[in-house]
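Coordinates from query-v2.cif are shown below (mmCIF, C-alpha atoms and all ligand atoms).
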data_structure
#
loop_
_atom_site.label_atom_id
_atom_site.label_comp_id
_atom_site.auth_asym_id
_atom_site.auth_seq_id
_atom_site.Cartn_x
_atom_site.Cartn_y
_atom_site.Cartn_z
CA MET A 1 66.63 -117.99 114.09
CA ASN A 2 65.47 -119.27 110.75
CA LYS A 3 65.28 -122.86 111.97
CA SER A 4 64.25 -124.05 115.38
CA LYS A 5 63.96 -127.77 114.68
CA ILE A 6 66.92 -130.00 115.37
CA ASN A 7 66.90 -133.68 114.44
CA VAL A 8 68.61 -136.14 116.71
CA GLY A 9 69.77 -139.67 115.95
CA LEU A 10 70.70 -142.11 118.67
CA ILE A 11 73.15 -145.00 118.40
CA GLY A 12 72.82 -147.43 121.29
CA TRP A 13 69.48 -148.02 122.99
CA GLY A 14 70.66 -149.58 126.20
CA THR A 15 70.08 -148.24 129.68
CA VAL A 16 71.25 -144.68 129.07
CA GLY A 17 69.96 -144.59 125.47
CA THR A 18 66.51 -145.58 126.68
CA GLY A 19 66.65 -142.82 129.30
CA VAL A 20 67.69 -140.26 126.68
CA SER A 21 64.88 -141.26 124.30
CA ARG A 22 62.39 -141.01 127.16
CA VAL A 23 63.56 -137.50 128.14
CA LEU A 24 63.55 -136.29 124.52
CA ILE A 25 60.02 -137.54 123.98
CA ASN A 26 58.44 -136.91 127.39
CA ASN A 27 60.07 -133.51 127.97
CA PHE A 28 59.60 -132.36 124.37
CA ASP A 29 57.24 -129.52 125.32
CA LEU A 30 59.28 -128.48 128.33
CA ILE A 31 62.45 -128.27 126.25
CA ARG A 32 60.66 -126.30 123.56
CA GLN A 33 59.17 -123.88 126.08
CA ARG A 34 62.48 -123.35 127.81
CA THR A 35 64.75 -123.10 124.79
CA GLY A 36 62.54 -122.48 121.78
CA ILE A 37 64.06 -125.57 120.18
CA ILE A 38 62.05 -128.41 118.70
CA LEU A 39 64.17 -131.48 119.41
CA GLU A 40 63.00 -134.33 117.27
CA LEU A 41 64.24 -137.84 117.91
CA GLN A 42 64.42 -138.98 114.31
CA LYS A 43 66.04 -142.38 114.53
CA ILE A 44 67.39 -144.92 116.99
CA ALA A 45 69.91 -147.60 116.04
CA ASP A 46 70.65 -150.61 118.18
CA ARG A 47 72.46 -153.70 117.01
CA ASN A 48 69.88 -155.95 118.65
CA VAL A 49 66.59 -155.77 116.81
CA PRO A 50 65.17 -152.82 118.68
CA THR A 51 61.97 -153.62 120.48
CA MET A 52 59.81 -151.03 122.16
CA ARG A 53 60.92 -149.80 125.55
CA LYS A 54 58.58 -149.13 128.43
CA GLY A 55 57.57 -145.49 128.61
CA VAL A 56 59.11 -144.59 125.23
CA ASN A 57 56.45 -143.69 122.72
CA ILE A 58 58.14 -143.87 119.31
CA GLU A 59 57.04 -145.28 115.94
CA SER A 60 58.74 -148.54 115.02
CA SER A 61 59.65 -147.01 111.61
CA ARG A 62 62.22 -144.87 113.48
CA LEU A 63 64.07 -147.91 114.81
CA THR A 64 66.88 -149.62 112.97
CA LYS A 65 69.58 -152.21 113.52
CA TYR A 66 72.08 -150.25 111.47
CA PRO A 67 74.08 -147.29 112.88
CA ASP A 68 74.85 -146.20 109.30
CA GLU A 69 71.19 -145.34 108.86
CA VAL A 70 71.67 -142.73 111.57
CA ILE A 71 75.14 -141.57 110.55
CA ASN A 72 74.22 -141.18 106.86
CA ASP A 73 70.77 -139.71 107.31
CA PRO A 74 70.96 -136.23 105.73
CA ASN A 75 68.19 -134.98 108.04
CA ILE A 76 70.00 -135.76 111.25
CA ASP A 77 71.88 -132.86 112.87
CA ILE A 78 73.18 -134.46 116.05
CA VAL A 79 74.34 -138.04 116.55
CA VAL A 80 74.27 -139.34 120.10
CA GLU A 81 76.70 -142.23 120.63
CA LEU A 82 75.79 -144.41 123.59
CA ILE A 83 77.13 -147.83 122.66
CA GLY A 84 80.25 -147.58 124.83
CA GLY A 85 83.44 -149.48 123.99
CA VAL A 86 86.18 -147.99 121.90
CA ASP A 87 86.59 -149.25 118.34
CA ASP A 88 83.06 -149.23 116.93
CA ALA A 89 82.17 -146.07 118.82
CA LYS A 90 85.22 -144.29 117.40
CA ASP A 91 84.40 -145.40 113.86
CA TYR A 92 80.81 -144.24 114.12
CA ILE A 93 81.77 -140.90 115.63
CA LEU A 94 84.49 -140.18 113.08
CA LYS A 95 82.17 -141.11 110.21
CA ALA A 96 79.40 -138.97 111.64
CA ILE A 97 81.79 -136.02 112.01
CA THR A 98 82.87 -136.40 108.39
CA ASN A 99 79.20 -136.36 107.45
CA GLY A 100 78.82 -133.02 109.25
CA LYS A 101 76.92 -134.37 112.27
CA HIS A 102 77.50 -132.89 115.70
CA ILE A 103 78.22 -135.42 118.42
CA VAL A 104 77.11 -136.14 121.95
CA THR A 105 78.77 -139.03 123.73
CA ALA A 106 79.11 -140.35 127.26
CA ASN A 107 82.08 -142.51 126.31
CA LYS A 108 84.86 -141.78 128.82
CA THR A 109 87.08 -144.64 127.64
CA LEU A 110 87.03 -143.43 124.06
CA LEU A 111 87.83 -139.82 124.98
CA ALA A 112 90.45 -140.71 127.59
CA LYS A 113 92.25 -142.73 124.91
CA HIS A 114 91.45 -140.89 121.69
CA GLY A 115 90.26 -137.42 122.69
CA GLN A 116 92.86 -135.77 120.50
CA GLU A 117 91.87 -137.71 117.37
CA ILE A 118 88.15 -137.16 117.85
CA PHE A 119 88.55 -133.43 118.46
CA SER A 120 91.01 -132.88 115.68
CA ALA A 121 88.39 -134.33 113.28
CA ALA A 122 85.75 -132.16 114.94
CA TYR A 123 87.92 -129.04 114.53
CA LYS A 124 88.57 -129.75 110.86
CA ASN A 125 84.88 -130.19 110.16
CA ASN A 126 83.66 -127.36 112.41
CA ILE A 127 81.70 -129.81 114.52
CA SER A 128 80.61 -129.65 118.17
CA VAL A 129 81.37 -132.64 120.39
CA CYS A 130 79.97 -132.71 123.93
CA PHE A 131 80.56 -135.33 126.60
CA GLU A 132 79.08 -134.24 129.92
CA GLY A 133 77.73 -137.73 130.64
CA SER A 134 81.21 -139.27 130.48
CA VAL A 135 82.23 -138.19 133.98
CA ALA A 136 80.08 -138.40 137.11
CA GLY A 137 76.75 -138.95 135.32
CA GLY A 138 74.36 -136.16 136.19
CA ILE A 139 76.88 -133.84 137.86
CA PRO A 140 77.71 -130.99 135.45
CA ILE A 141 81.42 -131.09 136.25
CA ILE A 142 82.63 -130.79 132.66
CA LYS A 143 80.59 -127.65 132.09
CA ALA A 144 81.86 -126.32 135.42
CA LEU A 145 85.50 -126.85 134.43
CA ARG A 146 85.03 -125.52 130.91
CA GLU A 147 82.80 -122.57 131.71
CA GLY A 148 82.24 -121.88 135.40
CA PHE A 149 85.94 -122.09 136.28
CA ALA A 150 87.24 -120.67 133.00
CA ALA A 151 89.05 -117.87 134.83
CA ASN A 152 90.63 -120.12 137.46
CA GLN A 153 93.99 -121.73 137.91
CA ILE A 154 92.77 -125.11 139.09
CA GLN A 155 94.86 -126.24 142.03
CA ALA A 156 93.33 -129.60 142.81
CA ILE A 157 90.51 -131.97 141.99
CA TYR A 158 89.54 -134.69 144.46
CA GLY A 159 86.83 -137.00 143.18
CA ILE A 160 84.78 -139.93 144.32
CA ILE A 161 83.92 -140.72 140.73
CA ASN A 162 83.19 -144.42 140.83
CA GLY A 163 79.86 -145.32 142.41
CA THR A 164 80.48 -149.06 142.51
CA THR A 165 83.59 -148.82 144.67
CA ASN A 166 81.98 -146.18 146.85
CA TYR A 167 79.04 -148.52 147.40
CA ILE A 168 81.38 -151.40 148.32
CA LEU A 169 83.43 -149.29 150.74
CA THR A 170 80.28 -147.84 152.31
CA GLN A 171 78.85 -151.33 152.84
CA MET A 172 82.12 -152.49 154.36
CA SER A 173 82.10 -149.53 156.70
CA ASP A 174 78.42 -149.41 157.67
CA ASN A 175 77.58 -153.10 157.79
CA VAL A 176 80.95 -154.63 158.70
CA THR A 177 80.82 -156.83 155.61
CA ASP A 178 84.01 -158.05 154.03
CA TYR A 179 85.11 -157.00 150.56
CA GLN A 180 83.83 -160.10 148.72
CA GLN A 181 80.41 -159.92 150.32
CA ALA A 182 80.07 -156.19 149.59
CA LEU A 183 81.12 -156.79 145.98
CA ALA A 184 78.54 -159.58 145.63
CA GLU A 185 75.86 -157.20 146.92
CA ALA A 186 76.96 -154.53 144.47
CA GLN A 187 76.64 -157.10 141.69
CA GLU A 188 73.19 -158.21 142.88
CA LYS A 189 72.01 -154.60 142.86
CA GLY A 190 73.33 -154.12 139.33
CA TYR A 191 76.00 -151.56 140.31
CA ALA A 192 78.99 -153.81 139.69
CA GLU A 193 79.48 -155.74 136.46
CA LYS A 194 79.88 -159.52 136.44
CA ASP A 195 83.56 -158.81 135.76
CA PRO A 196 84.05 -155.92 138.17
CA THR A 197 87.71 -155.27 137.32
CA ALA A 198 87.32 -151.89 135.63
CA ASP A 199 85.53 -150.47 138.65
CA VAL A 200 87.27 -152.16 141.58
CA GLU A 201 90.80 -151.82 140.20
CA GLY A 202 90.33 -148.10 139.61
CA ASP A 203 90.45 -148.04 135.79
CA ASP A 204 87.05 -146.39 135.40
CA ALA A 205 88.03 -143.63 137.84
CA ALA A 206 91.40 -143.27 136.09
CA GLN A 207 89.68 -142.59 132.76
CA LYS A 208 87.42 -140.01 134.36
CA ILE A 209 90.20 -138.16 136.18
CA THR A 210 92.19 -138.18 132.92
CA LEU A 211 89.38 -136.23 131.26
CA LEU A 212 88.98 -133.85 134.20
CA THR A 213 92.73 -133.23 134.30
CA SER A 214 92.86 -132.49 130.58
CA LEU A 215 90.04 -129.98 130.91
CA ALA A 216 91.30 -128.42 134.14
CA TYR A 217 94.86 -127.76 133.00
CA GLY A 218 94.51 -127.64 129.23
CA ILE A 219 96.88 -130.55 128.60
CA ASP A 220 96.20 -133.80 126.77
CA MET A 221 96.66 -135.99 129.85
CA PRO A 222 97.93 -139.47 128.92
CA LEU A 223 95.77 -142.12 130.57
CA GLU A 224 98.76 -144.41 131.05
CA ASN A 225 100.43 -141.83 133.31
CA VAL A 226 97.67 -141.97 135.89
CA TYR A 227 98.85 -143.99 138.88
CA THR A 228 96.00 -146.45 139.47
CA GLU A 229 95.37 -148.72 142.42
CA GLY A 230 92.00 -150.28 143.26
CA ILE A 231 90.20 -151.32 146.43
CA SER A 232 90.35 -155.11 146.17
CA ARG A 233 93.03 -155.46 148.86
CA ILE A 234 91.19 -153.36 151.45
CA THR A 235 90.11 -155.52 154.36
CA GLN A 236 87.45 -155.10 157.01
CA LYS A 237 90.26 -154.63 159.53
CA ASP A 238 91.61 -151.63 157.59
CA ILE A 239 88.16 -150.06 157.52
CA GLN A 240 87.86 -150.59 161.30
CA TYR A 241 91.33 -149.31 162.13
CA ALA A 242 90.82 -146.28 159.92
CA LYS A 243 87.59 -145.57 161.81
CA GLU A 244 89.34 -145.87 165.16
CA LEU A 245 91.90 -143.34 163.97
CA GLY A 246 89.14 -140.94 162.83
CA TYR A 247 89.32 -141.69 159.10
CA VAL A 248 87.16 -143.09 156.31
CA ILE A 249 88.60 -145.01 153.34
CA LYS A 250 87.46 -143.87 149.89
CA LEU A 251 88.66 -144.60 146.38
CA LEU A 252 89.82 -141.10 145.52
CA ALA A 253 90.83 -139.75 142.13
CA ILE A 254 93.27 -136.91 142.70
CA SER A 255 94.65 -134.35 140.29
CA LYS A 256 96.87 -131.72 141.86
CA PHE A 257 98.90 -128.83 140.50
CA SER A 258 101.81 -127.70 142.65
CA GLU A 259 105.30 -126.36 142.08
CA GLY A 260 104.79 -126.35 138.33
CA LYS A 261 103.87 -130.04 138.10
CA ILE A 262 100.67 -132.05 137.89
CA GLU A 263 100.17 -135.32 139.74
CA VAL A 264 97.29 -137.60 138.88
CA ARG A 265 96.50 -140.67 140.91
CA VAL A 266 93.65 -143.00 141.81
CA HIS A 267 93.94 -145.07 144.96
CA PRO A 268 92.25 -145.92 148.25
CA THR A 269 92.67 -142.87 150.44
CA MET A 270 92.05 -142.21 154.11
CA LEU A 271 90.07 -139.01 154.65
CA PRO A 272 89.29 -137.33 157.97
CA GLU A 273 85.85 -138.57 158.98
CA ARG A 274 84.41 -135.06 159.13
CA SER A 275 85.44 -134.05 155.64
CA MET A 276 82.65 -133.64 153.09
CA LEU A 277 84.06 -136.30 150.79
CA ALA A 278 84.27 -138.83 153.64
CA ASN A 279 80.51 -138.45 154.03
CA VAL A 280 79.62 -139.26 150.43
CA SER A 281 78.00 -142.67 150.78
CA GLY A 282 76.70 -145.48 148.61
CA VAL A 283 76.72 -145.08 144.85
CA PHE A 284 76.87 -141.29 145.01
CA ASN A 285 79.72 -139.35 143.42
CA ALA A 286 81.28 -136.11 144.59
CA ILE A 287 84.01 -133.88 143.25
CA TYR A 288 85.84 -131.23 145.24
CA VAL A 289 87.53 -128.69 143.02
CA VAL A 290 89.93 -126.09 144.36
CA GLY A 291 90.69 -123.15 142.11
CA ASP A 292 92.27 -119.74 142.29
CA PRO A 293 90.36 -117.45 142.76
CA VAL A 294 87.23 -119.52 143.43
CA GLY A 295 88.55 -121.53 146.40
CA GLY A 296 86.96 -124.87 147.29
CA THR A 297 83.77 -125.99 145.55
CA MET A 298 81.90 -129.24 146.02
CA PHE A 299 79.74 -131.10 143.48
CA TYR A 300 77.56 -134.01 144.58
CA GLY A 301 75.08 -136.28 142.84
CA GLN A 302 74.36 -139.51 141.05
CA GLY A 303 77.36 -140.55 139.04
CA ALA A 304 75.74 -143.19 136.88
CA GLY A 305 72.46 -144.71 135.85
CA GLN A 306 69.74 -144.04 133.35
CA GLN A 307 68.18 -140.94 134.84
CA ALA A 308 71.28 -139.02 135.88
CA THR A 309 73.26 -139.73 132.74
CA SER A 310 70.37 -138.95 130.41
CA SER A 311 70.03 -135.56 132.11
CA ALA A 312 73.64 -134.79 131.12
CA VAL A 313 73.28 -136.18 127.59
CA VAL A 314 70.14 -134.18 126.81
CA ALA A 315 71.73 -131.02 128.25
CA ASP A 316 74.55 -131.55 125.73
CA ILE A 317 72.04 -132.03 122.91
CA ILE A 318 70.40 -128.73 123.88
CA ASP A 319 73.75 -126.90 124.07
CA ILE A 320 74.77 -128.13 120.64
CA SER A 321 71.34 -127.27 119.23
CA LYS A 322 71.67 -123.71 120.47
CA GLY A 323 75.06 -123.56 118.80
CA ILE A 324 73.62 -124.84 115.50
CA LEU A 325 70.78 -122.35 115.59
CA ASN A 326 73.07 -119.44 116.46
CA ASN A 327 75.72 -120.58 114.04
CA SER A 328 78.30 -120.85 116.80
CA PRO A 329 79.56 -124.37 117.47
CA ILE A 330 80.81 -125.39 120.90
CA PRO A 331 84.58 -124.73 120.87
CA VAL A 332 87.03 -127.61 120.91
CA PRO A 333 88.39 -127.88 124.48
CA SER A 334 91.81 -126.24 124.62
CA CYS A 335 93.43 -129.54 125.72
CA TRP A 336 92.57 -131.11 122.36
CA HIS A 337 92.78 -128.01 120.19
CA PRO A 338 95.25 -128.45 117.31
CA ASP A 339 96.92 -125.15 118.25
CA ASN A 340 97.37 -126.11 121.89
CA THR A 341 100.90 -125.55 123.08
CA VAL A 342 100.38 -125.96 126.84
CA SER A 343 102.73 -128.47 128.34
CA ILE A 344 103.00 -129.04 132.08
CA PRO A 345 105.34 -131.71 133.44
CA LEU A 346 103.79 -134.58 135.34
CA ARG A 347 104.93 -135.65 138.77
CA ALA A 348 105.44 -139.41 138.82
CA ILE A 349 103.95 -141.31 141.74
CA ASN A 350 107.44 -141.95 143.12
CA GLU A 351 107.97 -138.22 143.62
CA CYS A 352 104.60 -137.63 145.30
CA GLN A 353 104.51 -136.82 148.99
CA THR A 354 101.70 -137.88 151.32
CA ARG A 355 101.04 -139.23 154.74
CA TYR A 356 100.44 -142.96 155.05
CA TYR A 357 98.63 -145.62 157.03
CA LEU A 358 100.70 -148.77 157.26
CA ARG A 359 99.17 -152.02 158.51
CA LEU A 360 101.30 -155.08 159.11
CA ILE A 361 100.82 -158.60 160.40
CA VAL A 362 103.87 -159.40 162.51
CA VAL A 363 105.15 -161.97 164.96
CA ASP A 364 104.46 -160.88 168.54
CA LYS A 365 107.89 -161.01 170.12
CA PRO A 366 110.46 -158.57 171.50
CA GLY A 367 112.37 -156.44 169.03
CA VAL A 368 109.91 -156.63 166.13
CA LEU A 369 108.74 -153.04 166.41
CA ALA A 370 112.35 -151.89 166.69
CA GLN A 371 113.27 -153.67 163.44
CA ILE A 372 110.41 -152.06 161.57
CA ALA A 373 111.00 -148.62 163.05
CA GLY A 374 114.67 -149.02 162.19
CA ILE A 375 113.96 -149.60 158.50
CA LEU A 376 111.59 -146.64 158.38
CA GLY A 377 114.21 -144.47 160.09
CA GLN A 378 116.91 -145.53 157.62
CA HIS A 379 114.65 -144.23 154.83
CA GLN A 380 114.06 -140.88 156.58
CA ILE A 381 110.49 -141.88 157.30
CA SER A 382 109.00 -140.59 160.49
CA ILE A 383 106.28 -142.43 162.44
CA ALA A 384 103.40 -140.26 163.67
CA SER A 385 101.71 -142.92 165.81
CA VAL A 386 101.75 -146.66 166.30
CA ILE A 387 99.22 -149.06 167.73
CA GLN A 388 99.57 -152.79 168.25
CA LYS A 389 96.12 -154.21 167.64
CA GLU A 390 94.52 -157.50 168.64
CA GLN A 391 95.81 -160.89 167.75
CA HIS A 392 95.77 -162.01 164.16
CA GLY A 393 96.88 -165.64 164.56
CA LEU A 394 98.40 -167.84 167.22
CA ASN A 395 101.50 -165.72 167.62
CA THR A 396 100.86 -162.86 165.22
CA VAL A 397 99.35 -159.43 165.74
CA TYR A 398 98.20 -156.50 163.66
CA LEU A 399 100.48 -153.49 163.83
CA VAL A 400 99.10 -150.16 162.62
CA MET A 401 101.15 -147.05 162.03
CA LEU A 402 100.45 -143.54 160.83
CA ILE A 403 103.41 -142.13 158.97
CA HIS A 404 104.26 -138.44 158.64
CA GLU A 405 104.49 -137.02 155.15
CA ALA A 406 107.07 -138.98 153.17
CA ILE A 407 108.21 -139.33 149.58
CA GLU A 408 106.56 -142.28 147.86
CA ALA A 409 109.80 -143.75 146.50
CA LYS A 410 111.30 -143.88 150.00
CA MET A 411 108.13 -145.35 151.42
CA GLN A 412 107.99 -148.06 148.78
CA GLU A 413 111.61 -148.92 149.32
CA ALA A 414 111.11 -149.16 153.08
CA ILE A 415 108.02 -151.35 152.60
CA ARG A 416 109.96 -153.68 150.34
CA HIS A 417 112.52 -154.19 153.10
CA ILE A 418 109.86 -154.51 155.79
CA ASP A 419 107.96 -157.14 153.79
CA GLU A 420 111.17 -159.17 153.50
CA LEU A 421 111.57 -159.40 157.29
CA GLU A 422 111.00 -162.88 158.67
CA VAL A 423 108.78 -161.45 161.42
CA VAL A 424 106.43 -159.88 158.88
CA LYS A 425 103.85 -162.49 157.95
CA ASP A 426 101.85 -160.97 155.12
CA LYS A 427 102.21 -158.30 152.46
CA SER A 428 101.84 -154.95 154.19
CA MET A 429 98.91 -152.66 153.50
CA LEU A 430 99.76 -149.09 152.64
CA ILE A 431 96.99 -146.50 152.32
CA ARG A 432 97.71 -142.88 151.48
CA VAL A 433 96.20 -140.26 153.77
CA GLU A 434 94.88 -136.85 152.69
CA ASN A 435 94.44 -134.69 155.76
CA ASP A 436 93.57 -131.36 154.14
CA LEU A 437 90.10 -132.25 152.92
N1 LIG B 501 80.72 -148.07 136.68
C1 LIG B 501 80.74 -146.68 136.96
C2 LIG B 501 80.53 -146.44 138.42
C3 LIG B 501 79.68 -145.91 136.22
O1 LIG B 501 80.37 -147.39 139.19
O2 LIG B 501 80.54 -145.29 138.83
C4 LIG B 501 80.05 -145.68 134.80
O3 LIG B 501 81.16 -144.87 134.68
#
Written as structure tokens, how would this file's structure read?
Ligand code: HSE
Amino acid sequence: MNKSKINVGLIGWGTVGTGVSRVLINNFDLIRQRTGIILELQKIADRNVPTMRKGVNIESSRLTKYPDEVINDPNIDIVVELIGGVDDAKDYILKAITNGKHIVTANKTLLAKHGQEIFSAAYKNNISVCFEGSVAGGIPIIKALREGFAANQIQAIYGIINGTTNYILTQMSDNVTDYQQALAEAQEKGYAEKDPTADVEGDDAAQKITLLTSLAYGIDMPLENVYTEGISRITQKDIQYAKELGYVIKLLAISKFSEGKIEVRVHPTMLPERSMLANVSGVFNAIYVVGDPVGGTMFYGQGAGQQATSSAVVADIIDISKGILNNSPIPVPSCWHPDNTVSIPLRAINECQTRYYLRLIVVDKPGVLAQIAGILGQHQISIASVIQKEQHGLNTVYLVMLIHEAIEAKMQEAIRHIDELEVVKDKSMLIRVENDL
């Protein structure tokens, strides 16, 4: 080693950026002792006039409003992008790459949409780009997929990778609150945004499972091909009925490889109450990865927030620094490598096969169950169990069914017919069931 000092520049001094600056400064000695690397936080750019942050001891001369002062600083080796969003972040990263800077980012949206472009620039310029903080905060799942499972054929990934929705569903389950109330609590606690759409409608989880799928199977997974359904239609009744049947409802991101195809979907899922994932509560994240030969492995931890995410970001900075000092950059992931030729067909949601929970609100009169069962039968759909629950309205009741494994297209077609029946009084609720977890 003829150089052990690495200079870091940070763009974006928000929650995570502040955490990263704090770790770099406060754990300076620890990092040096452990790695032999002197990590110097040279400059921080934030579009708001940066004011000092509590617990971050840095000279004001190192603060700037202008990202270019970081990107163009010849002394800076690694640029850490933590502004989020797509367009500006992409511009800054591409410029920094052209300037020979290595990159650390936690920007899942950017990579899920433009991973190929970012990494093709990185490849051309012999640059390392790391992004551990982009999925599941402090859980080192990206490193696990890239390194720990390098010898495995990944068979499935099941993830609770959105803390906000997991908090909402946990509140609904533990405290019998309805969806709106649980969402309001999540907003009060700062977990959910004022506009919670990206979390509650599953888009955040879809971006994360896109990245995990790309890494797991070595394909450039298109975000738009991830079937995405959120939790906003889940009612307190569904949570209760699921419980009575021995299940817990979670927003699950699933990526499965079977019979030569990959299926990727995000949707509310009923899990057996004793499964490990069913017991992941509150804002915590967990990812269950099944590989051959490793078998099932479970990762659990904080999926967001200042502390957890800064742990991942600084680990990336250290990895890249080691690469700089040893003259061996972190390789471009095979999914975004220009020479990548892996192509695996995707299974569309319509071809997927699962079990289902079906909850209906129907008129309570003779022959109703027969009509519904008839439609299911016509679509080769087999009922596993059926319970008529308590009254819904004056003359309406809840009807809950568990359906044996069926093909999604058939199920959707049957539901369309069922919802058109005069005796069916509201849009039905369909929740997919995963029994093998
Ligand atoms: N909003 C995300 C969550 C964290 O609730 O898990 C950032 O990806």
Can you work out which residues are within 8 Å of ligand LIG 501 (chain B), considering all atoms listed in the file, and then hand them over as a PDB file with C-alpha atoms, keeping the file's coordinate frame?
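That gives us out.pdb:
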ATOM      1  CA  LYS A 108      84.860-141.780 128.820  1.00  0.00           C
ATOM      2  CA  SER A 134      81.210-139.270 130.480  1.00  0.00           C
ATOM      3  CA  VAL A 135      82.230-138.190 133.980  1.00  0.00           C
ATOM      4  CA  ALA A 136      80.080-138.400 137.110  1.00  0.00           C
ATOM      5  CA  GLY A 137      76.750-138.950 135.320  1.00  0.00           C
ATOM      6  CA  ILE A 161      83.920-140.720 140.730  1.00  0.00           C
ATOM      7  CA  ASN A 162      83.190-144.420 140.830  1.00  0.00           C
ATOM      8  CA  GLY A 163      79.860-145.320 142.410  1.00  0.00           C
ATOM      9  CA  THR A 164      80.480-149.060 142.510  1.00  0.00           C
ATOM     10  CA  THR A 165      83.590-148.820 144.670  1.00  0.00           C
ATOM     11  CA  ASN A 166      81.980-146.180 146.850  1.00  0.00           C
ATOM     12  CA  TYR A 191      76.000-151.560 140.310  1.00  0.00           C
ATOM     13  CA  ALA A 192      78.990-153.810 139.690  1.00  0.00           C
ATOM     14  CA  GLU A 193      79.480-155.740 136.460  1.00  0.00           C
ATOM     15  CA  ALA A 198      87.320-151.890 135.630  1.00  0.00           C
ATOM     16  CA  ASP A 199      85.530-150.470 138.650  1.00  0.00           C
ATOM     17  CA  ASP A 204      87.050-146.390 135.400  1.00  0.00           C
ATOM     18  CA  ALA A 205      88.030-143.630 137.840  1.00  0.00           C
ATOM     19  CA  LYS A 208      87.420-140.010 134.360  1.00  0.00           C
ATOM     20  CA  VAL A 283      76.720-145.080 144.850  1.00  0.00           C
ATOM     21  CA  ASN A 285      79.720-139.350 143.420  1.00  0.00           C
ATOM     22  CA  GLY A 303      77.360-140.550 139.040  1.00  0.00           C
ATOM     23  CA  ALA A 304      75.740-143.190 136.880  1.00  0.00           C
ATOM     24  CA  GLY A 305      72.460-144.710 135.850  1.00  0.00           C
TER      25      GLY A 305
END
Which polymer residues have any atom within 9 Å of an atom of A:Ile37, counting only C-alpha atoms, with same-chain residues fewer than 5 positions away left out, as a PyMOL selection string?
chain A and resi 3-6+31-32+318+321-322+325
Find the residues of stretch 250-346 of chain A that sit at most 6 Å from stretch 220-243 of chain A; for each, write down the nearest two atoms and how far apart they are in Å, to one decimal. Count only C-alpha atoms. Sort by chain, then by number going up, and give it as JSON lines.
{"residue": "A:Val264", "atom": "CA", "partner": "A:Val226", "partner_atom": "CA", "distance": 5.3}
{"residue": "A:Arg265", "atom": "CA", "partner": "A:Tyr227", "partner_atom": "CA", "distance": 4.5}
{"residue": "A:Val266", "atom": "CA", "partner": "A:Thr228", "partner_atom": "CA", "distance": 4.8}
{"residue": "A:His267", "atom": "CA", "partner": "A:Glu229", "partner_atom": "CA", "distance": 4.7}
{"residue": "A:Cys335", "atom": "CA", "partner": "A:Asp220", "partner_atom": "CA", "distance": 5.2}
Could you pull out every residue with an atom within 8 Å of (101.2, -151.2, 163.2), file coordinates, counting all atoms listed in the file, and send them as an MDAnalysis selection string?
chainID A and resid 358:361 386:389 398:401
Give me the box for stretch 33-39 of chain A as lines of an AutoDock Vina configuration file, namely the centre and edge lengths in Å to one decimal of a box along x, y and z that holds every listed atom plus 5 Å on each side.
center_x = 62.0
center_y = -127.0
center_z = 123.3
size_x = 15.6
size_y = 19.0
size_z = 19.1
Listing only residues of stretch 302-335 of chain A within 8 Å of stretch 9-23 of chain A, what is the closest atom pair and its distance in Å (to one decimal) for each, using only C-alpha atoms, sorted by chain and residue number ascending, as a tab-separated table?
residue	atom	partner	partner_atom	distance
A:Gly305	CA	A:Val16	CA	6.9
A:Gln306	CA	A:Val16	CA	4.6
A:Gln307	CA	A:Gly19	CA	6.0
A:Thr309	CA	A:Val16	CA	6.5
A:Ser310	CA	A:Val20	CA	4.8
A:Ser311	CA	A:Val20	CA	7.6
A:Val313	CA	A:Val20	CA	7.0
A:Val314	CA	A:Val20	CA	6.6
Which residue of A:Leu94, A:Ser255, A:Asn27, A:Ile127 approaches A:Val56 most closely, using all atoms listed in the file:
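With all atoms listed in the file as the atom set, the closest residue is A:Asn27.
Using only C-alpha atoms, the protein and nucleic acid residues lying no more than 12 Å from A:Pro338, apart from those fewer than 5 places from it along its own chain, are Gly115, Gln116, Glu117, Ile118, Phe119, Ser120, Ala121, Ala122, Tyr123, Lys124, Gly218, Ile219, Asp220, Pro331, Val332 and Pro333 of chain A.
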